Protein chains: 2
Amino acid sequence: MQFSSALLEAAVNEFSRLPGIGKKTALRLVLHLLKQDTEAVLQFTNAIAHMRREIRFCKRCFNVADEDLCSICSNTFRQQQTICVVENIRDVIAIENTQQYNGVYHVLGGIISPLDGIGPDDLNIEALLQRVAEEKIEEIIFALNPNIQGDTTIYYIQKKLSGKDIRITTIARGIAFGGELEYADELTLGRSLQNRLPVENYMNR
Amino acid sequence: MQFSSALLEAAVNEFSRLPGIGKKTALRLVLHLLKQDTEAVLQFTNAIAHMRREIRFCKRCFNVADEDLCSICSNTFRQQQTICVVENIRDVIAIENTQQYNGVYHVLGGIISPLDGIGPDDLNIEALLQRVAEEKIEEIIFALNPNIQGDTTIYYIQKKLSGKDIRITTIARGIAFGGELEYADELTLGRSLQNRLPVENYMNR
């Protein structure tokens with residue numbers, strides 16, 4: 001792409017490095033910013049630079065945090081005895097958006113995946129075991145993606161926790177709401193039959 | 001959307017103000033930046049802030065510029081006697097990308113559109129007439145979108161230039177390459193019949 005301004009070109013190139021943003025979209029975004037007041041653009045760039053420089057990761061659960069502890073860990077209204085184990089920060093936000101969970105989290109920072117060279121030591125698993133040893137944890141809920149890596153990670157951690165008096169659960173897998181039985185894959189449909197629920201349980205939700 | 005960090009939330013909100021970027025995309029982009037080195041993120045924000053603060057508009061053609069004159073106006077290898085009149089900067093970039101044009105530009109900064117309250121005085125038309133009066137212009141090529149506003153703008157400027165010894169042209173309208181006749185609208189197809197080209201002209205291009 002030919003630009004008649006090096007400043008414009010530099011800004012477009014930076015934008016187009018973001019995932020899913022091509023050169024044309026980058027140009028559209030930059031020309032949009034060019035039309036805004038300088039103050040509005042500086043507010044945009046400052047918010048991002050400030051976020052990158054100041055953001056921390058919670059000492060306890062590895063969620064993003066503005067202080068040493070994240071706002072969920074430091075919230076005394078949340079049940080600190082229930083830990084939901086997730087892969088990454090995006091999953092924390094997804095679960096928080098359901099407004100159905102009142103415990104705390106533990107962000108693994110990835111998932112066991114030998115093919116990608118990620119083993120247990122690359123994840124925040126040791127810190128989770130330490131939390132279990134030090135805090136009075138009653139339940140650990142695994143909210144990992146339903147695939148081989150997720151199941152491997154659950155298996156590994158569950159082995160490490162064997163012998164402890166803790167309830168270990170995983171989020172339900174089954175047919176999604178609005179999904180159609182005939183299009184569900186065999187594994188999902190088969191498992192949802194095995195793990196069927198008494199109707200009175202289901203209706204009370 | 002629930003965030004556990006005010007810093008993260010501020011950055012996502014700023015990103016989601018950009019056109020075509022929703023909250024989910026904004027979150028994806030911010031989490032991507034969070035994974036990058038601080039230096040890379042500051043390079044991103046600095047390029048944008050720098051661009052917004054330092055960029056200028058060419059004194060002569062109103063294209064974006066790093067100096068008083070844009071790199072096209074100050075390029076002595078370009079034919080300064082031919083002016084291509086366009087609506088905005090994006091059109092300059094689109095034409096430059098064709099690598100088929102070696103003249104200079106004049107960016108109107110919009111198009112005459114009474115319904116949107118945009119009249120001739122809101123555009124850089126007076127400056128164009130002044131260029132024609134002061135510089136030795138031989139040809140003016142209108143490269144405006146083929147719609148009523150574009151045609152109105154061409155008509156208005158052409159009237160103002162009447163009596164001057166200048167060739168006034170417009171880019172060809174017709175069936176796009178790769179387009180199909182049966183799906184072309186009547187106006188385009190009709191005009192392309194009226195403005196038919198001798199085949200030898202066409203083949204020599």
# chains A, B, ... in the order shown; residues from 1 in each chain; ligands from 1
>>> residues_around(residues="Leu108 in chain A", least_positions_apart="5", cutoff="9 Å", atoms="only C-alpha atoms", output="list of chain:residue names")
A:Cys61, A:Phe62, A:Val85, A:Val86, A:Glu87, A:Asn88, A:Leu123, A:Asn124, A:Ile125, A:Leu128
>>> residues_around(residues="range 153-166 of chain A", least_positions_apart="4", cutoff="6 Å", atoms="only C-alpha atoms", output="mmCIF file with all heavy atoms, in the first residue's frame")
data_model
loop_
_atom_site.group_PDB
_atom_site.id
_atom_site.type_symbol
_atom_site.label_atom_id
_atom_site.label_comp_id
_atom_site.auth_asym_id
_atom_site.auth_seq_id
_atom_site.Cartn_x
_atom_site.Cartn_y
_atom_site.Cartn_z
ATOM 1 N N ILE A 112 -2.225 -28.320 29.803
ATOM 2 C CA ILE A 112 -1.187 -29.311 29.491
ATOM 3 C C ILE A 112 -1.358 -29.782 28.050
ATOM 4 O O ILE A 112 -2.431 -30.262 27.676
ATOM 5 C CB ILE A 112 -1.259 -30.517 30.452
ATOM 6 C CG1 ILE A 112 -0.955 -30.062 31.893
ATOM 7 C CG2 ILE A 112 -0.274 -31.610 30.030
ATOM 8 C CD1 ILE A 112 -1.105 -31.153 32.935
ATOM 9 N N GLU A 138 -12.849 -26.085 49.960
ATOM 10 C CA GLU A 138 -13.871 -27.122 50.061
ATOM 11 C C GLU A 138 -14.181 -27.771 48.720
ATOM 12 O O GLU A 138 -14.527 -28.941 48.649
ATOM 13 C CB GLU A 138 -15.159 -26.530 50.645
ATOM 14 C CG GLU A 138 -14.995 -26.182 52.127
ATOM 15 C CD GLU A 138 -16.162 -25.380 52.658
ATOM 16 O OE1 GLU A 138 -17.124 -25.164 51.904
ATOM 17 O OE2 GLU A 138 -16.095 -24.955 53.828
ATOM 18 N N GLU A 139 -14.091 -26.929 47.648
ATOM 19 C CA GLU A 139 -14.432 -27.484 46.335
ATOM 20 C C GLU A 139 -13.540 -26.873 45.249
ATOM 21 O O GLU A 139 -13.246 -25.681 45.289
ATOM 22 C CB GLU A 139 -15.907 -27.212 46.001
ATOM 23 C CG GLU A 139 -16.288 -27.744 44.620
ATOM 24 C CD GLU A 139 -17.792 -27.687 44.338
ATOM 25 O OE1 GLU A 139 -18.559 -27.253 45.214
ATOM 26 O OE2 GLU A 139 -18.186 -28.084 43.221
#
>>> residues_around(residues="Phe77 in chain B", least_positions_apart="3", cutoff="9 Å", atoms="only C-alpha atoms", output="list in words")
Ser74, Gln80 and Asn102 of chain B
>>> closest_residue(among="A:Lys59, A:Glu9, A:Phe44, A:Ala26", to="chain B", atoms="only C-alpha atoms")
A:Phe44
>>> residues_around(residues="Gly174 in chain B", least_positions_apart="4", cutoff="12 Å", atoms="only C-alpha atoms", output="PyMOL selection string")
chain B and resi 146+178-181+184-197
>>> write_last_selection(atoms="N, CA and C atoms", output="compact mmCIF listing (two decimals), in the first residue's frame")
# COMPACT_ATOMS: atom_id res chain seq x y z
N PRO B 146 -19.39 7.50 -8.39
CA PRO B 146 -20.43 7.69 -9.39
C PRO B 146 -21.81 7.70 -8.78
N GLY B 178 -14.25 -8.40 -14.27
CA GLY B 178 -14.71 -9.53 -13.47
C GLY B 178 -16.20 -9.47 -13.16
N GLY B 179 -16.84 -8.31 -13.52
CA GLY B 179 -18.28 -8.19 -13.28
C GLY B 179 -19.05 -8.95 -14.34
N GLU B 180 -20.34 -9.14 -14.13
CA GLU B 180 -21.14 -9.86 -15.11
C GLU B 180 -22.24 -8.94 -15.62
N LEU B 181 -22.38 -8.90 -16.94
CA LEU B 181 -23.36 -8.00 -17.57
C LEU B 181 -24.75 -8.16 -16.99
N ALA B 184 -25.35 -6.29 -13.83
CA ALA B 184 -25.09 -4.84 -13.77
C ALA B 184 -26.42 -4.08 -13.74
N ASP B 185 -26.44 -2.94 -13.04
CA ASP B 185 -27.69 -2.16 -13.03
C ASP B 185 -27.88 -1.48 -14.38
N GLU B 186 -29.12 -1.06 -14.67
CA GLU B 186 -29.45 -0.50 -15.99
C GLU B 186 -28.64 0.75 -16.28
N LEU B 187 -28.47 1.62 -15.26
CA LEU B 187 -27.79 2.90 -15.48
C LEU B 187 -26.35 2.67 -15.93
N THR B 188 -25.66 1.78 -15.20
CA THR B 188 -24.26 1.50 -15.53
C THR B 188 -24.15 0.90 -16.92
N LEU B 189 -25.01 -0.09 -17.18
CA LEU B 189 -24.95 -0.78 -18.47
C LEU B 189 -25.30 0.18 -19.60
N GLY B 190 -26.34 1.01 -19.37
CA GLY B 190 -26.76 1.99 -20.39
C GLY B 190 -25.64 2.97 -20.69
N ARG B 191 -25.03 3.52 -19.63
CA ARG B 191 -23.95 4.49 -19.81
C ARG B 191 -22.74 3.85 -20.49
N SER B 192 -22.50 2.58 -20.17
CA SER B 192 -21.32 1.95 -20.74
C SER B 192 -21.53 1.69 -22.23
N LEU B 193 -22.81 1.62 -22.65
CA LEU B 193 -23.10 1.50 -24.08
C LEU B 193 -22.89 2.85 -24.77
N GLN B 194 -23.43 3.91 -24.13
CA GLN B 194 -23.27 5.25 -24.68
C GLN B 194 -21.79 5.61 -24.83
N ASN B 195 -21.01 5.29 -23.81
CA ASN B 195 -19.60 5.69 -23.79
C ASN B 195 -18.69 4.58 -24.30
N ARG B 196 -19.17 3.84 -25.28
CA ARG B 196 -18.39 2.71 -25.79
C ARG B 196 -17.08 3.20 -26.41
N LEU B 197 -16.07 2.31 -26.34
CA LEU B 197 -14.72 2.64 -26.81
C LEU B 197 -14.42 1.90 -28.10
>>> atom_distance(atom1="CA of Ile168 in chain B", atom2="CA of Ile137 in chain B")
10.5 Å
>>> interface_residues(of="chain A", to="chain B", cutoff="8 Å", atoms="only C-alpha atoms", output="JSON, numbers by chain")
{"A": [1, 2, 3, 4, 5, 6, 7, 8, 10, 11, 14, 15, 18, 19, 29, 30, 32, 33, 34, 38, 41, 42, 43, 44, 45, 46, 47, 48, 49, 50, 51, 52, 53, 54, 55, 63, 64, 65, 66, 70, 71, 72, 93, 96, 97]}
>>> write_last_selection(atoms="C-alpha atoms", output="short mmCIF file (atom, residue, chain, number, x, y, z; two decimals), in the first residue's frame")
data_model
loop_
_atom_site.label_atom_id
_atom_site.label_comp_id
_atom_site.auth_asym_id
_atom_site.auth_seq_id
_atom_site.Cartn_x
_atom_site.Cartn_y
_atom_site.Cartn_z
CA MET A 1 0.00 0.00 0.00
CA GLN A 2 1.31 3.43 -1.01
CA PHE A 3 1.09 6.22 1.58
CA SER A 4 2.13 9.80 1.05
CA SER A 5 2.96 10.20 4.75
CA ALA A 6 5.48 8.24 6.81
CA LEU A 7 3.57 9.09 9.99
CA LEU A 8 0.37 7.63 8.57
CA ALA A 10 3.82 3.90 10.70
CA ALA A 11 0.46 4.10 12.47
CA GLU A 14 1.33 -0.79 13.98
CA PHE A 15 -2.44 -1.32 13.83
CA LEU A 18 -2.93 -6.69 15.81
CA PRO A 19 -4.59 -10.09 15.27
CA LEU A 29 -9.09 2.87 12.01
CA VAL A 30 -6.17 5.29 11.62
CA HIS A 32 -10.95 7.51 12.00
CA LEU A 33 -8.48 8.52 14.72
CA LEU A 34 -7.17 11.27 12.43
CA THR A 38 -5.99 15.12 19.58
CA VAL A 41 -6.65 10.07 20.56
CA LEU A 42 -4.25 10.66 23.44
CA GLN A 43 -6.90 9.32 25.82
CA PHE A 44 -6.98 6.17 23.67
CA THR A 45 -3.20 5.72 23.54
CA ASN A 46 -2.74 6.61 27.22
CA ALA A 47 -5.36 4.09 28.37
CA ILE A 48 -3.54 1.33 26.51
CA ALA A 49 -0.01 2.35 27.53
CA HIS A 50 -1.16 2.81 31.14
CA MET A 51 -2.89 -0.59 31.15
CA ARG A 52 0.22 -2.34 29.80
CA ARG A 53 2.59 -0.62 32.24
CA GLU A 54 0.48 -0.80 35.41
CA ILE A 55 -1.50 -4.02 35.16
CA ASN A 63 -6.08 -13.16 37.26
CA VAL A 64 -5.41 -9.60 36.02
CA ALA A 65 -5.30 -7.18 38.94
CA ASP A 66 -4.81 -3.49 39.72
CA CYS A 70 -7.39 -9.06 42.16
CA SER A 71 -10.80 -7.60 42.94
CA ILE A 72 -12.35 -11.08 43.11
CA ILE A 93 -14.53 -12.87 32.16
CA GLU A 96 -18.20 -13.64 35.51
CA ASN A 97 -20.57 -12.55 32.75
#
>>> residues_around(residues="Arg60 in chain A", least_positions_apart="6", cutoff="8 Å", atoms="only C-alpha atoms", output="JSON, numbers by chain")
{"A": [69, 73, 106, 127, 131]}
>>> select_by_dssp(residues="range 10-205 of chain B", states="strand (DSSP E or B)", output="PyMOL selection string")
chain B and resi 56-57+64-65+82-86+104-107+113+118+139-142+167-170
>>> write_last_selection(atoms="N, CA and C atoms", output="CSV table (one decimal), in the first residue's frame")
chain,number,residue,atom,x,y,z
B,56,ARG,N,0.2,16.7,9.2
B,56,ARG,CA,-0.3,17.9,8.7
B,56,ARG,C,-1.1,17.6,7.4
B,57,PHE,N,-1.7,18.7,6.9
B,57,PHE,CA,-2.4,18.5,5.6
B,57,PHE,C,-1.7,19.4,4.6
B,64,VAL,N,-2.7,14.2,3.3
B,64,VAL,CA,-1.9,14.1,4.5
B,64,VAL,C,-0.5,14.3,4.2
B,65,ALA,N,0.3,15.0,5.1
B,65,ALA,CA,1.6,15.3,4.8
B,65,ALA,C,2.5,15.3,6.1
B,82,THR,N,-1.2,18.1,-14.1
B,82,THR,CA,-2.4,17.3,-14.1
B,82,THR,C,-2.9,17.1,-12.7
B,83,ILE,N,-4.2,17.5,-12.4
B,83,ILE,CA,-4.7,17.4,-11.1
B,83,ILE,C,-5.8,16.4,-11.1
B,84,CYS,N,-5.8,15.4,-10.2
B,84,CYS,CA,-6.8,14.4,-10.0
B,84,CYS,C,-7.6,14.9,-8.7
B,85,VAL,N,-8.9,15.2,-8.9
B,85,VAL,CA,-9.8,15.7,-7.9
B,85,VAL,C,-10.5,14.5,-7.2
B,86,VAL,N,-10.2,14.3,-5.9
B,86,VAL,CA,-10.8,13.2,-5.1
B,86,VAL,C,-11.6,13.7,-3.9
B,104,VAL,N,-0.7,15.0,-9.9
B,104,VAL,CA,-0.9,15.3,-8.5
B,104,VAL,C,-2.4,15.3,-8.2
B,105,TYR,N,-2.7,15.6,-6.9
B,105,TYR,CA,-4.1,15.5,-6.5
B,105,TYR,C,-4.6,16.8,-5.9
B,106,HIS,N,-5.9,16.8,-5.7
B,106,HIS,CA,-6.6,17.8,-4.9
B,106,HIS,C,-7.7,17.1,-4.1
B,107,VAL,N,-7.5,17.2,-2.8
B,107,VAL,CA,-8.5,16.5,-1.9
B,107,VAL,C,-9.6,17.5,-1.5
B,113,SER,N,-23.4,17.8,-0.9
B,113,SER,CA,-24.5,17.0,-0.6
B,113,SER,C,-25.5,17.8,0.3
B,118,ILE,N,-23.9,19.9,3.3
B,118,ILE,CA,-22.6,20.2,2.8
B,118,ILE,C,-22.6,20.9,1.5
B,139,GLU,N,-4.8,19.6,-17.2
B,139,GLU,CA,-5.9,18.7,-17.2
B,139,GLU,C,-6.4,18.5,-15.7
B,140,ILE,N,-7.7,18.5,-15.6
B,140,ILE,CA,-8.3,18.1,-14.3
B,140,ILE,C,-9.1,16.9,-14.5
B,141,ILE,N,-8.8,15.8,-13.7
B,141,ILE,CA,-9.5,14.5,-13.8
B,141,ILE,C,-10.3,14.4,-12.5
B,142,PHE,N,-11.6,14.2,-12.7
B,142,PHE,CA,-12.5,14.0,-11.6
B,142,PHE,C,-12.5,12.5,-11.3
B,167,ARG,N,-8.3,20.8,-20.1
B,167,ARG,CA,-9.0,19.6,-20.4
B,167,ARG,C,-9.7,19.1,-19.1
B,168,ILE,N,-11.0,18.8,-19.1
B,168,ILE,CA,-11.6,18.3,-17.9
B,168,ILE,C,-12.2,17.0,-18.2
B,169,THR,N,-11.8,16.0,-17.4
B,169,THR,CA,-12.2,14.6,-17.7
B,169,THR,C,-12.7,13.9,-16.4
B,170,THR,N,-13.3,12.8,-16.6
B,170,THR,CA,-13.7,12.0,-15.4
B,170,THR,C,-13.3,10.6,-15.6
>>> atom_distance(atom1="CA of Val199 in chain B", atom2="CA of Ala143 in chain B")
23.6 Å
>>> select_by_dssp(residues="range 23-183 of chain A", states="alpha helix (DSSP H)", output="ChimeraX atom specification")
/A:23-35,38-54,89-98,125-134,148-160
>>> write_last_selection(atoms="C-alpha atoms", output="PDB file, in the first residue's frame")
ATOM      1  CA  LYS A  23      -4.003  -3.268   6.180  1.00  0.00           C
ATOM      2  CA  LYS A  24      -7.349  -1.952   4.932  1.00  0.00           C
ATOM      3  CA  THR A  25      -8.999  -2.151   8.336  1.00  0.00           C
ATOM      4  CA  ALA A  26      -5.903  -0.595   9.916  1.00  0.00           C
ATOM      5  CA  LEU A  27      -6.124   2.314   7.484  1.00  0.00           C
ATOM      6  CA  ARG A  28      -9.816   2.793   8.255  1.00  0.00           C
ATOM      7  CA  LEU A  29      -9.094   2.868  12.006  1.00  0.00           C
ATOM      8  CA  VAL A  30      -6.175   5.287  11.617  1.00  0.00           C
ATOM      9  CA  LEU A  31      -8.186   7.652   9.398  1.00  0.00           C
ATOM     10  CA  HIS A  32     -10.953   7.510  11.996  1.00  0.00           C
ATOM     11  CA  LEU A  33      -8.481   8.523  14.716  1.00  0.00           C
ATOM     12  CA  LEU A  34      -7.166  11.271  12.429  1.00  0.00           C
ATOM     13  CA  LYS A  35     -10.648  12.796  12.410  1.00  0.00           C
ATOM     14  CA  THR A  38      -5.990  15.121  19.579  1.00  0.00           C
ATOM     15  CA  GLU A  39      -7.170  14.789  23.211  1.00  0.00           C
ATOM     16  CA  ALA A  40      -9.469  11.881  22.354  1.00  0.00           C
ATOM     17  CA  VAL A  41      -6.646  10.074  20.564  1.00  0.00           C
ATOM     18  CA  LEU A  42      -4.246  10.660  23.441  1.00  0.00           C
ATOM     19  CA  GLN A  43      -6.895   9.315  25.820  1.00  0.00           C
ATOM     20  CA  PHE A  44      -6.982   6.165  23.675  1.00  0.00           C
ATOM     21  CA  THR A  45      -3.204   5.719  23.544  1.00  0.00           C
ATOM     22  CA  ASN A  46      -2.741   6.608  27.219  1.00  0.00           C
ATOM     23  CA  ALA A  47      -5.363   4.095  28.368  1.00  0.00           C
ATOM     24  CA  ILE A  48      -3.536   1.328  26.510  1.00  0.00           C
ATOM     25  CA  ALA A  49      -0.010   2.351  27.525  1.00  0.00           C
ATOM     26  CA  HIS A  50      -1.162   2.812  31.141  1.00  0.00           C
ATOM     27  CA  MET A  51      -2.888  -0.586  31.148  1.00  0.00           C
ATOM     28  CA  ARG A  52       0.217  -2.337  29.804  1.00  0.00           C
ATOM     29  CA  ARG A  53       2.586  -0.618  32.235  1.00  0.00           C
ATOM     30  CA  GLU A  54       0.478  -0.804  35.409  1.00  0.00           C
ATOM     31  CA  ILE A  89      -8.283 -14.582  31.813  1.00  0.00           C
ATOM     32  CA  ARG A  90     -10.836 -14.667  29.008  1.00  0.00           C
ATOM     33  CA  ASP A  91     -12.496 -17.632  30.704  1.00  0.00           C
ATOM     34  CA  VAL A  92     -12.725 -15.682  33.990  1.00  0.00           C
ATOM     35  CA  ILE A  93     -14.527 -12.875  32.161  1.00  0.00           C
ATOM     36  CA  ALA A  94     -16.836 -15.372  30.398  1.00  0.00           C
ATOM     37  CA  ILE A  95     -17.822 -16.999  33.721  1.00  0.00           C
ATOM     38  CA  GLU A  96     -18.195 -13.644  35.510  1.00  0.00           C
ATOM     39  CA  ASN A  97     -20.569 -12.553  32.752  1.00  0.00           C
ATOM     40  CA  THR A  98     -22.925 -15.437  33.587  1.00  0.00           C
ATOM     41  CA  ILE A 125      -0.416 -25.793  39.048  1.00  0.00           C
ATOM     42  CA  GLU A 126       2.107 -25.781  41.907  1.00  0.00           C
ATOM     43  CA  ALA A 127       0.557 -22.537  43.169  1.00  0.00           C
ATOM     44  CA  LEU A 128      -2.877 -24.193  43.086  1.00  0.00           C
ATOM     45  CA  LEU A 129      -1.655 -27.138  45.176  1.00  0.00           C
ATOM     46  CA  GLN A 130      -0.108 -24.678  47.621  1.00  0.00           C
ATOM     47  CA  ARG A 131      -3.424 -22.812  47.911  1.00  0.00           C
ATOM     48  CA  VAL A 132      -5.143 -26.115  48.686  1.00  0.00           C
ATOM     49  CA  ALA A 133      -2.514 -26.858  51.361  1.00  0.00           C
ATOM     50  CA  GLU A 134      -2.735 -23.425  52.989  1.00  0.00           C
ATOM     51  CA  ILE A 148      -8.053 -33.974  25.295  1.00  0.00           C
ATOM     52  CA  GLN A 149      -5.779 -31.254  26.692  1.00  0.00           C
ATOM     53  CA  GLY A 150      -8.479 -30.137  29.116  1.00  0.00           C
ATOM     54  CA  ASP A 151      -9.147 -33.701  30.263  1.00  0.00           C
ATOM     55  CA  THR A 152      -5.402 -34.388  30.635  1.00  0.00           C
ATOM     56  CA  THR A 153      -5.024 -31.296  32.803  1.00  0.00           C
ATOM     57  CA  ILE A 154      -7.983 -32.286  34.975  1.00  0.00           C
ATOM     58  CA  TYR A 155      -6.577 -35.818  35.342  1.00  0.00           C
ATOM     59  CA  TYR A 156      -3.115 -34.549  36.311  1.00  0.00           C
ATOM     60  CA  ILE A 157      -4.330 -32.090  38.937  1.00  0.00           C
ATOM     61  CA  GLN A 158      -6.926 -34.484  40.342  1.00  0.00           C
ATOM     62  CA  LYS A 159      -4.173 -37.116  40.865  1.00  0.00           C
ATOM     63  CA  LYS A 160      -2.104 -34.549  42.753  1.00  0.00           C
TER      64      LYS A 160
END
>>> atom_distance(atom1="CA of Arg173 in chain B", atom2="CA of Lys136 in chain B")
27.8 Å
